[in-house]
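**Student:** Please see the structure below; I have some questions.
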Amino acid sequence: MFDLERVTAELRRELGAVREGRAAARHAGLVAQLRLAGEVGVRDGTTTIRAEFDAPAPALRLGAELNALHGRGGLRSEVVTGGAGTLRYQVRVTAPGADLARATGLVDRTGRPVLGLPPAVVAAGPVVAAGVWRGALIARGRVVRPAGRVRLVVTCPGPAVVLALVGVARGLGVLAEPQETVTEHRVVVRDPESVESLLRSVGAPGVAEVLGRFPVVPRAATPADGSLQTVNARRAATAAAATTERVRAALRVLGDDVVPHLRETALLRLEHPSLSLAELGRLADPPLTKDTVAGRLRRLVRLAGVAGPDED
């Protein structure tokens, strides 16, 4: 029998056992866990961090990782239990000042919370992207199998986090989709090739092997279509990366001679190089349509004389 809870627990155990030596990837995983499973804030001159898990091991690891990366061995964390019905484990950390909060990237220099995930984490490339998704799966990931299809689902605290995770997945060549229900915001990875690719990228080959033994769709139905979706996701990631480089070059050429609305859209593309044009438009203030974002980026690169095909 396919025990979803057991497979989910094994996924988190396998990911928790990964020994990542690269500090940037470790930081990305830490940030993802803090964003999805807790909160970071500055109150009365003190940084307060809380995160909640359904098992003690990730709570203990989070406290240790926060101390190792940003506490110089001097942070004190505590894990307390609670919850109605389901036992929960909450790690709590406090530190004087705002330095620790700013070090996570989830609080800006003025003390305000950062929307979604920090741009520096989202835009940092495949190694860091794997760290982001490792942390997201540990914090709020689970394996589901509706209608015979094995999927990975991550529950998010809001749409900005959903968009960030979708974009980061695209940077790994993985097709992830936003999904909103009456009660929660989610990111879903349903394509079989994307599920396997993501699990191997984040360090869970054992679970990838287990899921590979359970067919996710009828053999004659949609695997080809799923593969096509994955190819399209990779093409979109390549196009977005190319556009990002042209935008960066255009800003260098034009310098200060850029009208504000073009500069704002260009900076959005640089901060979120993996997001689609539609997703960039939803992050703009006020929101923009996909065509408006594309038009602004085209105008910018043409003003600078930077050659290259347009992003769809």
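Convention: chains lettered A, B, ... in structure tokens order; per-chain residue numbering from 1; ligands numbered from 1 as shown.
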So that I can see what lies close to range 254-269 of chain A, please list as a list in words the residues with an atom at most 7 Å from it, counting only C-alpha atoms and leaving out residues fewer than 6 positions away in the same chain.
**Tutor:** Thr244, Val247, Leu280, Val293, Arg296, Leu297, Leu300 and Ala304 of chain A
**Student:** Which neighbours of Ala176 in chain A fall inside 7 Å, counting only C-alpha atoms, when residues of the same chain fewer than 3 positions from it are skipped, and could you give them as a ChimeraX atom specification?
**Tutor:** /A:166,169,187-189
**Student:** Could you pull out all residues of range 18-262 of chain A with a DSSP call of alpha helix (DSSP H) and give them as a VMD selection string?
**Tutor:** chain A and resid 23 to 37 56 to 66 99 to 104 119 to 122 126 to 140 159 to 171 192 to 202 205 to 212 223 to 254 260 to 262
**Student:** Based on the backbone DSSP call, show me all residues of range 68-135 of chain A assigned strand (DSSP E or B), as a ChimeraX atom specification.
**Tutor:** /A:77-82,88-97,107,113
**Student:** Please, what distance in Å, to one decimal, runs between CA of Gly74 in chain A and CA of Leu115 in chain A?
**Tutor:**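 CA of Leu115 in chain A lies 28.3 Å from CA of Gly74 in chain A.
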